[in-house]
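Undergrad: Below you'll find the structure I mean.
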Amino acid sequence: NIDPESLLPKLPDPNELRPFPSVCATIYKGHEGRIRSLSIESYGKYVATGGDDGTVRVWEIVSGKQLWRIRLSSSEAVNQVSWQPSRETCIIAACCGEQVHFIVPQGEICNPEQDRRSREVLDSGFGYAASNATKTAAGVDKPSSANWLRPSQTLQDKGVLLTITLRSSPKTLAWHRRGDYFSTVSPSTTSTSTAVAVHTLSKHQTQYPFRRLKGLAQTVCFHPSKPLFFVATRQSIRIYDLQQQRLEKQLQPGAQWISAISLHPLGSNLLVSSYDKRLLWHDLDLGATPYKTLRYHSKAIRSVQFHPSLPLFADASDDGTLQVFHGNVMGDSLDNATVVPLKVLRGHKVVKNLGVLDVEWHPREAWCVSAGADGVARLWT
Amino acid sequence: METSTTTAKVKIHLTTRSEDIQLPVETGPILVPTELRRYQLSTLVNTLLETVQPVPLEFLVNGQFLRTSLDEYLTQNGISAETTLNVEYVKALIPPLHVASYEHDDWVSAVDVLSNSARAAQTSRSDDLIPERILSGSYDGTIRIWNMSSEVVATGAAHTAAIKAAKFLSPTQVVSAGIDRTLRLWKYDDAAVGSASTLTATLELYGHKSSIDNIAVHSPSSRILSASSDHTVGVWSTRKNDAPAAPESLLPIANKRRKLSNTTQRPQRGPLSLLSGHQSQVSDVCFDEKDATVAYSTSWDHTVKTWDLTTSACVDTRTTAQSLFSILHLPETGLLATGTSARHISLIDPRASATVISAMTLRGHTNAVVSLAQDPNSNHQIVSGSHDGTCRVWDLRSVKQGNAEKTGESVYVIERDSAKGRKRPEAGDGVKVFGVCWDKDVGIVSGGEDKQVQINKGSQ
Ligand SMILES: [Mg+2]
């Protein structure tokens, strides 16, 4: 005569799981049109945003002051911005049209040492490419699929120091933790073999590791410590060992169209968001199907991210809200993760059926920043 | 029996420290109905004083403001109505009224005041009357000095990015700092009449690797402290000859273009020391009001640190539950008021003997508390500036003892005059306050996102 209810694990009270973001503290205003992407630099002091107006802007995170901006295009949107994950440099990678720009923001955002180091990092590949050009010229006639070039002097004076032109528009850019490798995904390319590219910044090298990729590539990410590379197509996720050049594992989240993925900082749990309103939690030590399916939104989910150090994650949806969850991952993986919904963050307006397009956590605080189709970004604390 | 409870009485002994509202010496304890509240007590004392114009009064019982009826007070504190209550009365603070607003081109990040009563005036050796001036620092990279007729009398534009902090060192010297990582000293020449006042940049201080967000000054010892995003507290001398050389790697890169436009080379110096220990950006710093060899700093790492400036050592660290954005030392109690990202002010006891970290919590702001200043007329009152678009005046005697903590409520809320009549915007959008200061002569001066310096004054 046991009450079945009593056997269910009791979820903790959200108030005992503080800190987590609950109110909007800052509204970043200035973009004309949708903000598609945002990135917080590693010290957590500045936020970069990019959007439909073709600009990249840098903001002081707490005051909301726009400190600097650059227009990369008058016709193309900036689809993604991402700070290079190194504290010695101050470089923003920005995908705009078919190009990836590497920008050292001006306006005293980086100090002279960071400025010097950033310029060295972006410059070193030109030397490598020049000295290795003769070897490839003697070998196979390789069609140049990615062009690494120094932009015009005008752009260089504004801080754009390196530009890669790809065959089709990259929509996602993911850095490897050490900041030399990064990967781009161009989902709309007609040739699936060039949809996913892995680039080496120090060598100005672009490789296409997948000759035949089943499905249409959506997004990618690198494992924080192992040579593993995660590739999400519309419906599945494949994990490759880059050193052994083999497929390690394949995940079937059961989603119709994956929008984003986020790997837990410990590397053994993966969040998958989908345009079909579902958020999926995969424990990589378990099977190919999700450990948990979370349905908390009435519209497509566009972005999801684990907090880099706190037991939190958040997603962003076209319903105009963000959902914040507590998600505690145990190091020994014997205990399964507890997931507790904590807070719905409301404030973004839905414009033409689009709501919140991106979300990112502060590196240390229980704060997140969201980017909206309503043209504003918001800090939640 | 019923009649006796409705007319319950208590004996009170009324005292005050204000000379001009003393009761006649022969006034002994008075028997009053326990149902009396602040307003009725105020009327009673005014009647006893035979005031022509009633003086609004507040009443302190055991150091706390009476916020209920006497009866409720007795019940809550378990005091018998047989006791004679000692009741101190003080003049109620008059709500600070809007005096003027000074329009800027960009967001105002910092404010300071020069007046005869201002601390910067105490370094003056001359007997001349010091004119009232307001110093403002703006995100446009410029510092400005204003007279009391809303006119800019001098402008300083040497910084290469937004200003985050600016203070008078003396009636003739100013220091500013900001996102360009430098502190700059300025000579200020005040032309009593006309518009011939000048701000001349005299010294550039290099050493920080990231934005400087706040500064503290102590003129008698020629010291400046800086709070930087690079996780350190800078200690600097205001005297060029005492300061070490500037670190070469942090000087602006000799760019051909810049060189041409920036031909006048000002002297450049480095820090006396950089205090490291914080794990994240340092948000604010202050001197101990009684001992200028001691400093306190707040950081995004959730801690308050105490520094011995003689040895450059961190001697104490207090950890709280949230990022801290501002700090103020209260000399009377030895407490530190800290403004937090979690929308409240926490009063922290930094002394080794303290058993509780947070002595009191002041609640009411709805966004980050980024600036704090002491009432020059009272040891009990402070003002705070917040990203919610308000300044709030707090009286530390206006507190409630809750289950877990002592909490205080603000006695006055100062709204932005620029947003008069409109609903306070979400997240203080457009009206965030970034800096506040309180001068005996000029009043409460604040600056913010509305590009205004706003002056409020109580008519005490
Ligand atoms: Mg992102």
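The chains in the structure tokens are called A, B, ... from first to last as shown; in each chain the residues are counted from 1, and the ligands are counted from 1 in the order shown.
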Taking only C-alpha atoms and all ligand atoms and a cut-off of 10 Å, can you tell me which residues surround ligand 1, written as an MDAnalysis selection string?

TA: chainID A and resid 36:40 49 79:83 172:174 260 262 303:305 357:361 369:371

Undergrad: How would the residues just picked look written out with N, CA and C atoms as a compact mmCIF listing (two decimals), in the first residue's frame?

TA:
# COMPACT_ATOMS: atom_id res chain seq x y z
N ARG A 36 20.96 38.93 -34.13
CA ARG A 36 20.97 37.48 -34.38
C ARG A 36 21.89 36.72 -33.44
N SER A 37 22.89 37.42 -32.92
CA SER A 37 23.88 36.69 -32.14
C SER A 37 24.52 37.61 -31.11
N LEU A 38 24.99 37.01 -30.02
CA LEU A 38 25.72 37.78 -29.03
C LEU A 38 26.82 36.91 -28.45
N SER A 39 27.84 37.57 -27.93
CA SER A 39 28.95 36.85 -27.32
C SER A 39 29.54 37.71 -26.21
N ILE A 40 29.82 37.11 -25.06
CA ILE A 40 30.39 37.85 -23.92
C ILE A 40 31.88 37.53 -23.85
N THR A 49 27.48 42.12 -30.07
CA THR A 49 26.25 41.68 -30.74
C THR A 49 26.40 41.89 -32.24
N ASN A 79 25.44 37.15 -38.95
CA ASN A 79 24.72 35.98 -38.44
C ASN A 79 25.28 35.46 -37.13
N GLN A 80 26.56 35.70 -36.91
CA GLN A 80 27.14 35.18 -35.67
C GLN A 80 28.32 36.06 -35.27
N VAL A 81 28.42 36.33 -33.98
CA VAL A 81 29.62 36.95 -33.42
C VAL A 81 30.14 36.02 -32.32
N SER A 82 31.48 35.96 -32.20
CA SER A 82 32.05 35.08 -31.19
C SER A 82 33.46 35.54 -30.83
N TRP A 83 33.68 35.86 -29.54
CA TRP A 83 35.02 36.27 -29.10
C TRP A 83 35.93 35.05 -29.13
N THR A 172 27.06 29.50 -38.46
CA THR A 172 27.54 29.14 -37.12
C THR A 172 29.06 29.18 -37.13
N LEU A 173 29.63 29.67 -36.02
CA LEU A 173 31.07 29.59 -35.85
C LEU A 173 31.34 29.13 -34.43
N ALA A 174 32.14 28.06 -34.31
CA ALA A 174 32.44 27.53 -32.97
C ALA A 174 33.95 27.45 -32.79
N ALA A 260 20.19 24.26 -32.16
CA ALA A 260 21.46 24.55 -31.48
C ALA A 260 21.81 23.42 -30.54
N SER A 262 24.55 22.49 -26.98
CA SER A 262 25.48 23.02 -26.00
C SER A 262 26.03 21.87 -25.19
N SER A 303 18.00 28.67 -29.37
CA SER A 303 19.33 28.63 -28.79
C SER A 303 19.26 28.02 -27.41
N VAL A 304 20.34 27.39 -27.00
CA VAL A 304 20.41 26.81 -25.65
C VAL A 304 21.85 26.87 -25.19
N GLN A 305 22.04 27.09 -23.88
CA GLN A 305 23.40 27.08 -23.38
C GLN A 305 23.50 26.67 -21.92
N LEU A 357 16.51 35.15 -30.21
CA LEU A 357 17.30 34.41 -31.19
C LEU A 357 18.58 33.82 -30.62
N ASP A 358 19.06 34.37 -29.51
CA ASP A 358 20.31 33.84 -28.96
C ASP A 358 20.35 34.10 -27.46
N VAL A 359 21.07 33.25 -26.75
CA VAL A 359 21.27 33.45 -25.31
C VAL A 359 22.67 33.01 -24.96
N GLU A 360 23.31 33.76 -24.07
CA GLU A 360 24.63 33.35 -23.59
C GLU A 360 24.79 33.72 -22.12
N TRP A 361 25.49 32.87 -21.38
CA TRP A 361 25.72 33.10 -19.95
C TRP A 361 26.96 33.93 -19.74
N VAL A 369 22.60 36.99 -21.09
CA VAL A 369 22.23 38.04 -22.03
C VAL A 369 21.48 37.38 -23.18
N SER A 370 20.40 38.02 -23.63
CA SER A 370 19.62 37.48 -24.73
C SER A 370 19.57 38.48 -25.87
N ALA A 371 19.43 37.95 -27.09
CA ALA A 371 19.35 38.80 -28.28
C ALA A 371 18.00 38.59 -28.93

Undergrad: Output the contact residues of chain B with respect to chain A at a cut-off of 7 Å, based on only C-alpha atoms, as an NGL selection string.

TA: :B and (161 or 179-180 or 209-210 or 249-250 or 252-253 or 367 or 427 or 429)

Undergrad: Keeping only N, CA and C atoms, write the selected residues to a file as an mmCIF file, in the first residue's frame.

TA:
data_model
loop_
_atom_site.group_PDB
_atom_site.id
_atom_site.type_symbol
_atom_site.label_atom_id
_atom_site.label_comp_id
_atom_site.auth_asym_id
_atom_site.auth_seq_id
_atom_site.Cartn_x
_atom_site.Cartn_y
_atom_site.Cartn_z
ATOM 1 N N ALA B 161 38.690 57.736 -24.249
ATOM 2 C CA ALA B 161 37.441 56.954 -24.200
ATOM 3 C C ALA B 161 36.609 57.500 -23.044
ATOM 4 N N ILE B 179 37.630 54.360 -19.194
ATOM 5 C CA ILE B 179 37.788 53.156 -20.001
ATOM 6 C C ILE B 179 39.148 53.109 -20.700
ATOM 7 N N ASP B 180 39.803 54.259 -20.881
ATOM 8 C CA ASP B 180 41.123 54.239 -21.537
ATOM 9 C C ASP B 180 42.241 53.795 -20.577
ATOM 10 N N LYS B 209 45.441 47.555 -16.749
ATOM 11 C CA LYS B 209 45.339 46.851 -18.023
ATOM 12 C C LYS B 209 43.908 46.814 -18.544
ATOM 13 N N SER B 210 42.996 47.374 -17.766
ATOM 14 C CA SER B 210 41.605 47.405 -18.206
ATOM 15 C C SER B 210 40.942 48.635 -17.580
ATOM 16 N N SER B 249 55.084 49.041 -21.608
ATOM 17 C CA SER B 249 54.194 48.211 -22.433
ATOM 18 C C SER B 249 52.750 48.696 -22.415
ATOM 19 N N LEU B 250 52.409 49.560 -21.460
ATOM 20 C CA LEU B 250 51.015 50.001 -21.373
ATOM 21 C C LEU B 250 50.789 51.379 -21.980
ATOM 22 N N PRO B 252 50.345 54.173 -24.859
ATOM 23 C CA PRO B 252 49.655 54.033 -26.152
ATOM 24 C C PRO B 252 50.649 53.683 -27.253
ATOM 25 N N ILE B 253 50.219 52.810 -28.154
ATOM 26 C CA ILE B 253 51.084 52.396 -29.254
ATOM 27 C C ILE B 253 51.393 53.611 -30.122
ATOM 28 N N ASN B 367 17.095 47.775 -9.058
ATOM 29 C CA ASN B 367 18.191 47.406 -9.963
ATOM 30 C C ASN B 367 19.507 47.650 -9.221
ATOM 31 N N ALA B 427 13.852 48.174 -15.984
ATOM 32 C CA ALA B 427 15.314 48.103 -15.878
ATOM 33 C C ALA B 427 15.950 49.501 -15.867
ATOM 34 N N ASP B 429 15.654 51.749 -17.824
ATOM 35 C CA ASP B 429 16.101 52.055 -19.180
ATOM 36 C C ASP B 429 15.951 53.541 -19.498
#

Undergrad: Quick one: residues within 10 Å of A:Pro105, only C-alpha atoms counted, chain neighbours fewer than 2 positions away excluded, as number ranges by chain?

TA: A: 48, 56-58, 67-70, 90-92, 102-103, 107-110, 115, 158-160

Undergrad: Could you write those residues out with C-alpha atoms, as a CSV table (one decimal), in the first residue's frame?

TA:
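Heads up, here's the output in again_3.csv:
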chain,number,residue,atom,x,y,z
A,48,ALA,CA,29.4,41.9,-28.6
A,56,VAL,CA,28.9,44.4,-34.9
A,57,ARG,CA,28.5,46.4,-31.6
A,58,VAL,CA,30.4,46.2,-28.3
A,67,LEU,CA,31.2,51.6,-26.7
A,68,TRP,CA,32.0,50.7,-30.3
A,69,ARG,CA,30.5,49.5,-33.5
A,70,ILE,CA,31.4,48.6,-37.1
A,90,CYS,CA,40.8,40.7,-28.0
A,91,ILE,CA,39.4,39.3,-31.2
A,92,ILE,CA,35.8,39.0,-32.4
A,102,PHE,CA,38.4,38.9,-37.5
A,103,ILE,CA,38.0,42.1,-35.7
A,107,GLY,CA,37.7,52.5,-28.7
A,108,GLU,CA,40.1,51.4,-25.9
A,109,ILE,CA,38.2,48.1,-25.5
A,110,CYS,CA,41.5,46.2,-25.5
A,115,ASP,CA,46.1,44.7,-29.2
A,158,LYS,CA,38.7,50.2,-38.3
A,159,GLY,CA,40.0,47.0,-36.8
A,160,VAL,CA,39.1,44.3,-39.3

Undergrad: For the contact check between stretch 226-258 of chain A and stretch 193-208 of chain A, emit one row per residue of stretch 226-258 of chain A within 12 Å, containing the shortest atom pair and the distance in Å rounded to one decimal, counting only C-alpha atoms, chain then rising number order, as a Markdown table.

TA:
| residue | atom | partner | partner_atom | distance |
| --- | --- | --- | --- | --- |
| A:Phe229 | CA | A:Val198 | CA | 10.2 |
| A:Phe230 | CA | A:Val196 | CA | 11.0 |
| A:Val231 | CA | A:Val196 | CA | 8.4 |
| A:Ala232 | CA | A:Val196 | CA | 10.2 |
| A:Thr233 | CA | A:Val196 | CA | 10.3 |
| A:Leu242 | CA | A:Val198 | CA | 10.6 |

Undergrad: Pick out each residue of stretch 22-103 of chain B that DSSP on the backbone tags as strand (DSSP E); I need them as number ranges by chain.

TA: B: 30-33, 57-61, 64-65, 84-91, 97-103

Undergrad: Residues within 12 Å of B:Glu19, please, as a PDB file with C-alpha atoms, in the first residue's frame. Count only C-alpha atoms; anything in the same chain fewer than 4 positions from it doesn't count.

TA:
ATOM      1  CA  THR B  15      14.575  64.564  24.769  1.00  0.00           C
ATOM      2  CA  LEU B  23      11.553  71.596  25.762  1.00  0.00           C
ATOM      3  CA  PRO B  24      11.612  73.660  28.967  1.00  0.00           C
ATOM      4  CA  TYR B  89      12.807  63.525  18.818  1.00  0.00           C
ATOM      5  CA  VAL B  90      14.574  64.870  15.736  1.00  0.00           C
ATOM      6  CA  LYS B  91      13.509  67.197  12.951  1.00  0.00           C
TER       7      LYS B  91
END

Undergrad: Please provide as a ChimeraX atom specification all residues within 10 Å of A:Asp319, with the sequence filter that same-chain residues fewer than 4 positions apart are discarded (counting only C-alpha atoms).

TA: /A:277,297-301,346,348-351,353-356
